[in-house]
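What follows is the content of my_file.cif, which has mmCIF, C-alpha atoms:
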data_model
#
loop_
_atom_site.label_atom_id
_atom_site.label_comp_id
_atom_site.auth_asym_id
_atom_site.auth_seq_id
_atom_site.Cartn_x
_atom_site.Cartn_y
_atom_site.Cartn_z
CA MET A 1 95.63 32.38 -0.83
CA VAL A 2 96.99 29.09 -2.15
CA ASP A 3 97.94 27.82 1.31
CA HIS A 4 94.49 28.55 2.73
CA ASN A 5 92.54 27.76 -0.46
CA VAL A 6 90.84 31.16 -0.59
CA LEU A 7 90.27 33.59 -3.44
CA SER A 8 90.71 36.84 -1.53
CA LEU A 9 92.28 38.47 1.51
CA PRO A 10 91.48 41.74 3.33
CA VAL A 11 94.13 44.46 3.15
CA LEU A 12 94.69 46.92 6.01
CA ASN A 13 96.77 50.09 5.93
CA GLN A 14 99.54 50.89 8.41
CA LYS A 15 96.98 52.22 10.89
CA GLY A 16 95.06 48.97 10.78
CA LYS A 17 92.20 50.50 8.80
CA TYR A 18 90.49 48.78 5.91
CA TYR A 19 92.21 49.49 2.58
CA GLY A 20 90.54 46.98 0.31
CA ILE A 21 90.36 43.32 -0.66
CA ILE A 22 92.91 41.66 -2.90
CA GLU A 23 91.48 38.88 -5.03
CA MET A 24 92.99 36.11 -7.10
CA PHE A 25 91.49 37.98 -10.06
CA ASP A 26 93.74 40.95 -9.23
CA LEU A 27 96.77 38.66 -9.38
CA VAL A 28 95.62 37.23 -12.70
CA GLU A 29 95.24 40.75 -14.06
CA TYR A 30 98.70 41.70 -12.80
CA VAL A 31 100.43 38.60 -14.19
CA THR A 32 98.87 38.97 -17.64
CA ALA A 33 99.95 42.63 -17.71
CA LEU A 34 103.56 41.49 -17.22
CA PHE A 35 103.33 39.87 -20.64
CA SER A 36 101.60 42.66 -22.54
CA ASP A 37 103.91 41.99 -25.50
CA LEU A 38 102.75 38.39 -25.59
CA GLY A 39 102.51 38.30 -29.38
CA ALA A 40 106.23 38.98 -29.76
CA MET A 41 107.35 36.84 -26.85
CA LYS A 42 108.30 33.20 -27.09
CA LEU A 43 109.12 30.69 -24.42
CA ILE A 44 112.80 30.89 -25.35
CA ASP A 45 112.90 34.58 -24.35
CA LEU A 46 114.44 33.64 -21.01
CA GLU A 47 115.60 37.15 -20.15
CA LYS A 48 112.06 38.51 -20.39
CA LEU A 49 110.76 35.52 -18.47
CA LEU A 50 113.23 36.00 -15.63
CA ASN A 51 112.65 39.75 -15.48
CA SER A 52 108.90 39.21 -15.30
CA GLU A 53 109.37 36.61 -12.57
CA LYS A 54 111.52 39.03 -10.56
CA THR A 55 108.89 41.75 -10.96
CA PHE A 56 106.16 39.38 -9.80
CA VAL A 57 108.08 38.16 -6.74
CA SER A 58 109.07 41.68 -5.64
CA ALA A 59 105.64 43.23 -6.26
CA THR A 60 103.78 44.68 -3.28
CA VAL A 61 100.08 44.47 -2.58
CA ARG A 62 99.82 48.14 -3.58
CA ASP A 63 101.33 47.30 -6.99
CA VAL A 64 98.70 44.65 -7.58
CA LEU A 65 95.73 46.33 -5.91
CA LYS A 66 95.65 49.57 -7.87
CA ARG A 67 91.88 50.00 -7.50
CA PRO A 68 91.08 48.85 -3.94
CA LEU A 69 87.53 50.18 -4.07
CA SER A 70 86.63 49.39 -7.67
CA SER A 71 83.19 48.32 -8.84
CA ARG A 72 84.40 44.73 -8.55
CA ASN A 73 85.38 45.28 -4.92
CA PRO A 74 82.91 47.77 -3.43
CA PHE A 75 83.16 48.47 0.28
CA ARG A 76 79.81 47.35 1.69
CA PRO A 77 80.35 46.53 5.37
CA ILE A 78 77.69 45.57 7.87
CA ASN A 79 77.83 45.71 11.64
CA ARG A 80 78.23 42.38 13.40
CA GLY A 81 74.86 42.94 15.07
CA PHE A 82 73.01 42.53 11.76
CA SER A 83 71.27 39.27 10.93
CA LEU A 84 72.67 36.54 8.72
CA PHE A 85 69.68 37.10 6.43
CA THR A 86 70.88 40.66 5.77
CA ALA A 87 74.28 39.34 4.73
CA TRP A 88 72.54 36.74 2.55
CA GLU A 89 70.54 39.45 0.77
CA ILE A 90 73.66 41.50 0.06
CA LEU A 91 75.66 38.51 -1.17
CA GLY A 92 72.79 37.14 -3.23
CA LEU A 93 71.44 40.37 -4.69
CA GLY A 94 74.03 43.08 -4.09
CA GLY A 95 76.68 42.15 -6.63
CA VAL A 96 79.42 41.39 -4.09
CA ASN A 97 81.17 38.14 -3.20
CA ARG A 98 82.18 39.00 0.37
CA ILE A 99 81.24 41.47 3.09
CA PRO A 100 83.49 43.06 5.74
CA ILE A 101 82.00 42.81 9.23
CA THR A 102 82.62 45.78 11.52
CA ASN A 103 82.49 46.16 15.29
CA GLU A 104 81.06 49.05 17.30
CA ASN A 105 84.16 51.16 16.51
CA GLY A 106 83.82 50.65 12.78
CA GLU A 107 86.85 48.34 12.68
CA ILE A 108 86.93 45.24 10.49
CA CYS A 109 86.60 42.23 12.77
CA ASP A 110 85.60 39.53 10.30
CA ILE A 111 84.54 38.77 6.73
CA ILE A 112 81.63 36.70 5.52
CA THR A 113 81.81 35.21 2.03
CA GLN A 114 79.48 33.49 -0.39
CA SER A 115 81.41 30.25 0.17
CA MET A 116 80.64 30.44 3.89
CA LEU A 117 76.94 30.78 3.16
CA VAL A 118 77.01 27.86 0.71
CA ASP A 119 78.68 25.70 3.39
CA PHE A 120 76.12 26.90 5.95
CA LEU A 121 73.30 26.08 3.53
CA TRP A 122 74.65 22.57 2.98
CA GLN A 123 74.90 21.96 6.72
CA ASN A 124 71.30 23.13 7.14
CA ILE A 125 69.82 22.03 3.83
CA GLU A 126 66.75 20.53 5.53
CA LYS A 127 65.76 24.00 6.75
CA ILE A 128 64.74 25.14 3.25
CA GLY A 129 62.35 22.23 2.78
CA ALA A 130 60.92 21.73 -0.71
CA VAL A 131 63.11 24.52 -2.11
CA ALA A 132 65.99 22.04 -2.10
CA GLU A 133 64.12 19.92 -4.64
CA THR A 134 63.70 22.77 -7.13
CA LYS A 135 64.91 21.64 -10.54
CA ILE A 136 67.62 23.71 -12.18
CA SER A 137 65.37 24.18 -15.22
CA ASP A 138 62.84 25.85 -12.89
CA PHE A 139 65.24 28.29 -11.25
CA LYS A 140 63.59 31.69 -10.96
CA GLY A 141 66.86 33.58 -11.28
CA ALA A 142 67.36 32.15 -14.76
CA GLU A 143 69.57 34.97 -16.04
CA SER A 144 72.71 33.06 -15.08
CA GLU A 145 76.12 33.86 -16.49
CA GLU A 146 76.61 32.87 -20.11
CA VAL A 147 79.26 30.29 -20.91
CA SER A 148 82.55 31.56 -22.32
CA SER A 149 84.70 28.80 -23.72
CA ILE A 150 88.19 28.05 -25.03
CA PRO A 151 89.72 25.00 -26.75
CA PRO A 152 92.13 22.81 -24.74
CA THR A 153 95.04 23.91 -26.95
CA THR A 154 94.76 27.51 -25.71
CA LYS A 155 97.87 28.63 -23.86
CA ALA A 156 97.27 29.20 -20.16
CA ILE A 157 98.47 32.81 -20.40
CA ASN A 158 95.89 33.47 -23.12
CA ALA A 159 93.16 31.86 -21.03
CA PHE A 160 93.98 34.16 -18.12
CA ARG A 161 94.05 37.16 -20.47
CA GLU A 162 90.59 36.20 -21.73
CA MET A 163 89.29 36.13 -18.15
CA VAL A 164 90.60 39.65 -17.64
CA ARG A 165 89.14 40.84 -20.94
CA THR A 166 85.68 39.40 -20.25
CA GLU A 167 85.87 39.98 -16.47
CA LYS A 168 84.89 36.38 -15.84
CA ALA A 169 86.34 34.17 -13.14
CA GLY A 170 86.24 31.02 -15.24
CA LEU A 171 86.14 29.60 -18.75
CA ALA A 172 84.77 26.32 -20.05
CA VAL A 173 87.31 24.16 -21.86
CA VAL A 174 85.53 22.47 -24.77
CA ASP A 175 86.54 20.28 -27.72
CA GLU A 176 85.84 20.94 -31.40
CA ASN A 177 82.29 19.62 -30.95
CA GLY A 178 81.54 21.88 -28.02
CA LYS A 179 81.80 19.06 -25.47
CA LEU A 180 82.80 20.18 -21.98
CA LEU A 181 86.22 18.85 -21.01
CA ASP A 182 87.30 20.96 -18.05
CA ASN A 183 87.13 24.33 -16.34
CA MET A 184 89.85 26.99 -16.20
CA SER A 185 89.45 29.54 -13.43
CA VAL A 186 91.38 32.33 -11.72
CA ARG A 187 92.16 29.89 -8.93
CA ASP A 188 94.34 27.97 -11.39
CA LEU A 189 96.92 30.75 -11.27
CA ARG A 190 98.37 28.93 -8.26
CA GLY A 191 99.95 26.55 -10.78
CA ILE A 192 102.81 28.99 -11.43
CA HIS A 193 103.78 29.55 -7.77
CA THR A 194 106.39 32.35 -7.55
CA ASP A 195 109.25 30.40 -9.05
CA ALA A 196 110.84 31.16 -12.43
CA GLN A 197 111.36 27.44 -12.88
CA VAL A 198 107.62 26.97 -13.33
CA PHE A 199 106.69 30.34 -14.85
CA TRP A 200 107.07 28.67 -18.24
CA ARG A 201 103.82 26.83 -17.54
CA LEU A 202 101.94 29.91 -18.68
CA TRP A 203 102.86 28.89 -22.23
CA SER A 204 101.48 25.38 -21.78
CA PRO A 205 98.12 24.40 -23.30
CA VAL A 206 95.38 24.57 -20.67
CA ASN A 207 94.87 20.80 -20.69
CA GLU A 208 98.53 20.24 -19.75
CA TYR A 209 98.49 23.16 -17.31
CA LYS A 210 95.48 21.69 -15.49
CA GLU A 211 97.09 18.26 -15.26
CA MET A 212 100.13 19.78 -13.58
CA ALA A 213 97.87 21.66 -11.17
CA ARG A 214 95.98 18.48 -10.28
CA LYS A 215 99.20 16.65 -9.49
CA GLU A 216 100.47 19.43 -7.24
CA PHE A 217 97.14 20.35 -5.62
CA PRO A 218 95.13 17.10 -5.60
CA ASP A 219 93.08 18.15 -2.59
CA LYS A 220 92.20 21.56 -4.05
CA THR A 221 91.46 20.70 -7.69
CA PRO A 222 88.53 18.39 -8.59
CA ALA A 223 89.92 15.25 -10.20
CA ALA A 224 86.87 14.67 -12.40
CA LEU A 225 84.69 16.90 -14.55
CA VAL A 226 82.01 18.63 -12.46
CA PHE A 227 78.62 19.39 -14.00
CA VAL A 228 74.88 19.19 -13.40
CA LEU A 229 71.88 18.52 -15.63
CA PRO A 230 68.78 20.73 -16.05
CA THR A 231 66.79 17.98 -14.29
CA ASP A 232 69.06 18.00 -11.24
CA SER A 233 67.93 19.77 -8.08
CA LEU A 234 69.14 22.74 -6.10
CA PHE A 235 70.19 20.16 -3.49
CA THR A 236 72.66 18.67 -5.99
CA VAL A 237 74.13 22.08 -6.80
CA VAL A 238 74.62 22.91 -3.11
CA GLU A 239 76.13 19.49 -2.42
CA LYS A 240 78.70 19.72 -5.22
CA MET A 241 79.66 23.32 -4.48
CA ALA A 242 80.10 22.63 -0.77
CA LYS A 243 81.84 19.27 -0.96
CA LEU A 244 84.14 20.14 -3.85
CA HIS A 245 84.77 23.73 -2.71
CA ILE A 246 83.91 25.20 -6.10
CA HIS A 247 82.39 28.59 -6.90
CA ARG A 248 80.68 27.80 -10.20
CA ILE A 249 79.24 24.77 -11.94
CA TYR A 250 78.24 24.12 -15.55
CA VAL A 251 74.78 22.99 -16.57
CA VAL A 252 75.07 20.64 -19.57
CA ASP A 253 72.40 19.34 -21.92
CA SER A 254 73.11 15.66 -21.21
CA ALA A 255 75.72 13.43 -19.61
CA GLU A 256 76.60 12.10 -23.07
CA SER A 257 77.09 15.19 -25.24
CA LEU A 258 78.14 17.44 -22.31
CA THR A 259 77.32 20.66 -24.14
CA PRO A 260 77.42 23.50 -21.59
CA LEU A 261 74.20 25.53 -21.52
CA ARG A 262 74.86 27.93 -18.68
CA VAL A 263 76.90 28.52 -15.55
CA ILE A 264 75.50 28.55 -12.03
CA THR A 265 77.58 30.67 -9.69
CA GLN A 266 77.40 31.00 -5.93
CA THR A 267 75.54 34.27 -6.49
CA ASP A 268 72.89 32.44 -8.54
CA LEU A 269 72.49 29.82 -5.84
CA LEU A 270 72.09 32.28 -2.97
CA LYS A 271 69.71 34.36 -5.07
CA GLU A 272 67.59 31.32 -5.88
CA VAL A 273 67.10 30.52 -2.21
CA LEU A 274 66.05 34.12 -1.55
CA LEU A 275 63.57 34.17 -4.44
CA ASN A 276 61.91 31.03 -3.10
CA GLN A 277 61.31 32.44 0.36
CA LYS A 278 57.64 32.98 1.17
#
Once you've parsed the file, please lay out its structure as structure tokens.
Amino acid sequence: MVDHNVLSLPVLNQKGKYYGIIEMFDLVEYVTALFSDLGAMKLIDLEKLLNSEKTFVSATVRDVLKRPLSSRNPFRPINRGFSLFTAWEILGLGGVNRIPITNENGEICDIITQSMLVDFLWQNIEKIGAVAETKISDFKGAESEEVSSIPPTTKAINAFREMVRTEKAGLAVVDENGKLLDNMSVRDLRGIHTDAQVFWRLWSPVNEYKEMARKEFPDKTPAALVFVLPTDSLFTVVEKMAKLHIHRIYVVDSAESLTPLRVITQTDLLKEVLLNQK
């Protein structure tokens, strides 16, 4: 996932049949479970740290993907003969982030994701005409995800545990005044690799953890804070998501105070385009 900058991979059984999809969120859930006694564990507990690292490195996909067809990963395939609009409807309104594509024999031959549709939309943005100029404040699908936040001093392991608890793929990092400083997402798990020498990073504050991630993955982690204003257009949202390869973006009240008001996800964006079709 890290090498190819993706958040999920399809899993096939020994007969080549679809078994499920493993997501970065599944890995986050698995890693945080390794430290279930977090309250009693300190960074100096090297034996526990090494044992957890060994467990992580030797874990199989089956160990991590205990619920291959959970509500978070429903199996909703479509035949490759269906239209792109059908896929768009499912990804924008169906509560899924990706769709397996099957051939005439019912075998998985491809996968289409929300990110692919966002890239496609950006490459064909002129096709939606005036919809691209819709202001964020006028979005019809206004019930966007609420902002969950953490202070920059939060340990990375606690941030990941909060994502699992709230079932959210990202958290806003804010200061004591509620000003947006950064974003912490499931994708940031790549910062620990599979090496015990860097597993200690889970006990670093998120601001330090993110800095290390930016140094090691400069082409995969936005260098600057990414946000939009209520007065910005759908065009701006599409542009930033596509060019920066991000899955969510914060709407802030102003460029000065940077108080996050809501989160726009890829689902929200695809849904907004659908709702504006006449």
### Message
Can you pull out the residues contacting Arg262 (chain A)? Cut-off 9 Å, using all atoms listed in the file, and skip same-chain residues under 6 positions away; I want them as a ChimeraX atom specification.
### Response
/A:144-147,249-252
### Message
Please list as a list in words every residue within 8 Å of region 220-230 of chain A, counting all atoms listed in the file and excluding residues in the same chain fewer than 5 positions away.
### Response
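The filter keeps Asn5, Lys135, Ile136, Ser137, Leu181, Asp182, Ala213, Arg214, Thr236, Val237, Leu244, His245, Ile249, Tyr250, Val251, Val252, Asp253, Ser254 and Ala255 of chain A.
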### Task
Please indicate the distance in Å from CA of Glu216 (chain A) to CA of Met1 (chain A), rounded to one decimal place.
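A separation of 15.2 Å between them.
Across the model, the gap from CA of Met24 (chain A) to CA of Leu189 (chain A) is 7.8 Å.
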#### Entry: Chain and number of each residue from the PyMOL selection byres ((chain A and resi 124-134) around 7), as a VMD selection string
chain A and resid 120 to 123 135 to 136 138 233 to 235 276
### Task
Starting from the displayed file, determine the output of the PyMOL selection byres ((chain A and resi 156-164) around 6) and express the residue list as a list in words.
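Applied to this file, the PyMOL selection byres ((chain A and resi 156-164) around 6) selects Glu29, Thr32, Lys155, Arg165, Thr166, Glu167, Lys168, Leu202, Trp203, Ser204, Pro205 and Val206 of chain A.
Checking A:Val31, A:Phe139, A:Ile78, A:Glu89 one by one against Glu272 (chain A), counting only C-alpha atoms, you find the shortest gap at A:Phe139.
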### Query
Between A:Val174, A:Met212, A:Leu117, A:Ile108, which has the minimum distance to Ile90 (chain A) (counting only C-alpha atoms)?
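Checking each of A:Val174, A:Met212, A:Leu117, A:Ile108 against Ile90 (chain A), counting only C-alpha atoms, the winner is A:Leu117.
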### Message
Could you list, as a ChimeraX atom specification, every residue within 7 Å of Ile150 (chain A), counting only C-alpha atoms and ignoring same-chain residues fewer than 5 positions away?
### Response
/A:171-174
### Nearest candidate to Leu12 (chain A) (options A:Glu256, A:Asp188, A:Glu107, A:Asp26; using all atoms listed in the file)
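The closest residue to Leu12 (chain A) is A:Glu107.
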### Query
Using all atoms listed in the file, which residues sit within 8 Å of Ile101 (chain A) once same-chain residues fewer than 5 positions away are excluded, as a count of residues only?
9
